[in-house]
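See below for the structure under consideration.
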Amino acid sequence: MTTIAELPPGFADKVLSAQSTFRSVMDAMARPGSVQRIVPMAGAPDTMMRGTAAIALTLFDHDTPLWLDARMSESPELVKWLKFHTGAPVVQDSSIASFALISDGGALPQLERFALGTSEYPDRSTTLILQVDSLDAGRSFELRGPGIDGVAMLNASVKPFDLFERLHVNEALFPRGIDVVLVADDALVAIPRTTRIASKGS
């Protein structure tokens, strides 16, 4: 059993670190496809990247229901760490989650299983936080939409391999839809629901 004292620490400087992380996430959302760095690093449990831990410490609280994929939910240390540092309730029903943490993208459920928002409250959708292998190498993608001057290029190694094809569901759902934050160690890229993605081959 992991005791509280044995859990990885949160932020060393809670206020400054949360402000800096929040700014990184907001910059990523405002400029889809741009790689942002999370500077103040948090201690992170196994299976959780440092960037994911920083986002959790910044955005999660007792009012944000949280869904964990199987790999994360099977880690007692990770669940305990989230509960201790954020107070966010972990839910089994993905359709009521404010956030979903995905460490095994290959096992990502169908996007329709998450909250897609309503016409009145499109922001009441699930934000996926998906851990990926790389945000500077891999397949090339062209991103277009609000916050992008013309076209943004993203090179990423992502599972599931058809993630961006799956996100085309956002076009039909607009203004509802799923926002995605990709995390690779301390780097993050946001793909808001308004962003349109085209693959540029291998």
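FYI, nothing fancy with the structure tokens labels: chains A, B, ... in order, residues from 1 per chain, ligands from 1 as they appear.
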
* Which parts of stretch 7-195 of chain A does DSSP call strand (DSSP E or B) when run on the backbone here, written out as a ChimeraX atom specification? -> /A:36-37,66-68,90,99-102,116,125,127-131,134-144,152-157,179-184,187-191

Using 12 Å as the limit and counting only C-alpha atoms, can you tabulate each residue of stretch 34-80 of chain A that touches stretch 183-192 of chain A, with its shortest atom-to-atom distance in Å and the two atoms involved, as a Markdown table?
| residue | atom | partner | partner_atom | distance |
| --- | --- | --- | --- | --- |
| A:Ser34 | CA | A:Val189 | CA | 5.9 |
| A:Val35 | CA | A:Val189 | CA | 5.1 |
| A:Gln36 | CA | A:Leu188 | CA | 5.3 |
| A:Arg37 | CA | A:Ala187 | CA | 4.6 |
| A:Ile38 | CA | A:Asp186 | CA | 5.4 |
| A:Val39 | CA | A:Asp186 | CA | 7.4 |
| A:Pro40 | CA | A:Asp186 | CA | 9.3 |
| A:Met41 | CA | A:Asp186 | CA | 7.9 |
| A:Ala42 | CA | A:Asp186 | CA | 10.0 |
| A:Gly43 | CA | A:Asp186 | CA | 11.8 |
| A:Ala44 | CA | A:Asp185 | CA | 10.7 |
| A:Thr47 | CA | A:Asp185 | CA | 11.0 |
| A:Met48 | CA | A:Asp185 | CA | 8.9 |
| A:Met49 | CA | A:Asp185 | CA | 5.2 |
| A:Arg50 | CA | A:Asp185 | CA | 5.6 |
| A:Gly51 | CA | A:Asp186 | CA | 4.4 |
| A:Thr52 | CA | A:Val183 | CA | 6.5 |
| A:Ala53 | CA | A:Asp186 | CA | 9.5 |
| A:Ala54 | CA | A:Asp186 | CA | 8.8 |
| A:Ile55 | CA | A:Val183 | CA | 9.7 |
| A:Ala56 | CA | A:Val183 | CA | 11.9 |

Residues at most 8 Å from A:Leu108, counting only C-alpha atoms, excluding those fewer than 5 positions away in the same chain, as a ChimeraX atom specification? /A:69,102,160

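Distance-wise, atom CA of A:Val158 and atom CA of A:Leu57 end up 23.8 Å apart.
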
Please identify all polymer residues within 8 Å of stretch 136-153 of chain A, counting only C-alpha atoms, omitting same-chain residues fewer than 6 positions from it, and present them as a compact mmCIF listing (two decimals) with C-alpha atoms, in the first residue's frame.
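Writing done, so here's selection-v4.txt:
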# COMPACT_ATOMS: atom_id res chain seq x y z
CA ALA A 30 -5.49 29.72 -28.67
CA ARG A 31 -2.89 28.51 -31.18
CA PRO A 32 -3.90 24.98 -32.22
CA GLY A 33 -1.02 22.83 -33.41
CA SER A 34 1.65 24.93 -31.65
CA THR A 194 -13.01 24.01 -34.19
CA THR A 195 -9.73 22.75 -35.71
CA ARG A 196 -9.81 20.83 -38.99
CA ILE A 197 -7.03 18.31 -39.66
CA ALA A 198 -5.68 16.74 -42.84
CA SER A 199 -2.95 14.09 -42.95
CA LYS A 200 0.04 14.76 -45.18
CA GLY A 201 1.02 11.14 -45.65
CA SER A 202 3.62 9.27 -43.63

Next item on the list: For A:Thr64, work out the shell of residues within 7 Å, counting only C-alpha atoms and skipping chain neighbours fewer than 6 positions away, then give it as number ranges by chain.
Entry: A: 88-89, 98

Atom pair atom CA of A:Leu167 + atom CA of A:Gly105, distance 13.8 Å

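With only C-alpha atoms as the basis for measurement, A:Pro8 is the residue among A:Pro122, A:Gly117, A:Pro109, A:Pro8 that approaches A:Leu78 most closely.
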
Filtered DSSP result for stretch 3-193 of chain A, state alpha helix (DSSP H), as a ChimeraX atom specification | /A:14-30,50-59,70-73,76-86,163-166,169-173

Emit the selected residues as a compact mmCIF listing (two decimals), in the first residue's frame, including C-alpha atoms.
# COMPACT_ATOMS: atom_id res chain seq x y z
CA LYS A 14 1.65 25.77 -6.15
CA VAL A 15 0.46 29.24 -7.21
CA LEU A 16 3.22 30.15 -9.66
CA SER A 17 3.32 26.68 -11.17
CA ALA A 18 -0.46 26.54 -11.64
CA GLN A 19 -0.47 30.00 -13.24
CA SER A 20 2.36 29.06 -15.62
CA THR A 21 0.73 25.73 -16.57
CA PHE A 22 -2.64 27.39 -17.09
CA ARG A 23 -0.99 29.92 -19.42
CA SER A 24 0.65 27.09 -21.40
CA VAL A 25 -2.70 25.31 -21.82
CA MET A 26 -4.50 28.53 -22.81
CA ASP A 27 -1.74 29.39 -25.32
CA ALA A 28 -2.04 25.89 -26.77
CA MET A 29 -5.84 26.26 -27.11
CA ALA A 30 -5.49 29.72 -28.67
CA ARG A 50 4.96 15.10 -16.20
CA GLY A 51 2.91 17.37 -18.46
CA THR A 52 -0.26 15.42 -17.69
CA ALA A 53 0.44 15.70 -13.96
CA ALA A 54 0.91 19.48 -14.23
CA ILE A 55 -2.36 19.84 -16.17
CA ALA A 56 -4.18 17.71 -13.58
CA LEU A 57 -2.84 19.81 -10.70
CA THR A 58 -3.91 22.99 -12.52
CA LEU A 59 -7.32 22.17 -14.02
CA ALA A 70 -7.88 1.09 -17.95
CA ARG A 71 -4.09 1.47 -17.65
CA MET A 72 -4.45 4.50 -15.37
CA SER A 73 -7.41 3.28 -13.34
CA PRO A 76 -3.73 2.51 -7.15
CA GLU A 77 -0.89 5.01 -6.69
CA LEU A 78 -2.13 7.16 -9.58
CA VAL A 79 -5.75 7.15 -8.39
CA LYS A 80 -4.62 7.99 -4.86
CA TRP A 81 -2.34 10.78 -6.16
CA LEU A 82 -5.19 12.36 -8.15
CA LYS A 83 -7.57 12.16 -5.20
CA PHE A 84 -5.04 13.62 -2.76
CA HIS A 85 -3.76 16.47 -4.95
CA THR A 86 -6.90 17.43 -6.91
CA LEU A 163 -7.32 9.79 -33.99
CA PHE A 164 -7.48 12.77 -36.34
CA GLU A 165 -9.85 10.92 -38.68
CA ARG A 166 -12.08 10.22 -35.69
CA VAL A 169 -16.96 13.98 -36.02
CA ASN A 170 -16.50 17.50 -34.59
CA GLU A 171 -17.43 19.03 -37.95
CA ALA A 172 -20.90 17.47 -37.84
CA LEU A 173 -21.38 18.23 -34.14

Worksheet item: Leaving out A:Phe114 and any residue of its chain fewer than 6 positions from it, which residues lie within 7 Å of it when counting only C-alpha atoms, given as a PyMOL selection string?
Response: chain A and resi 94-95+126

Using C-alpha atoms, can you export the residues from the last selection as an mmCIF file, in the first residue's frame?
data_model
loop_
_atom_site.group_PDB
_atom_site.id
_atom_site.type_symbol
_atom_site.label_atom_id
_atom_site.label_comp_id
_atom_site.auth_asym_id
_atom_site.auth_seq_id
_atom_site.Cartn_x
_atom_site.Cartn_y
_atom_site.Cartn_z
ATOM 1 C CA SER A 94 -17.266 8.461 -19.566
ATOM 2 C CA SER A 95 -20.340 10.394 -20.771
ATOM 3 C CA THR A 126 -15.231 15.995 -22.200
#

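In terms of minimum interatomic distance to A:Phe60, A:Val90 ranks closest within A:Ala156, A:Leu130, A:Val180, A:Val90, counting only C-alpha atoms.
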
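With only C-alpha atoms as the atoms that count, the minimum distance from A:Gly106 to the choices A:Ser75, A:Phe174, A:Pro45, A:Asp133 is reached by A:Asp133.
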
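Across the model, the gap from atom CA of A:Ile96 to atom CA of A:Ser125 is 8.3 Å.
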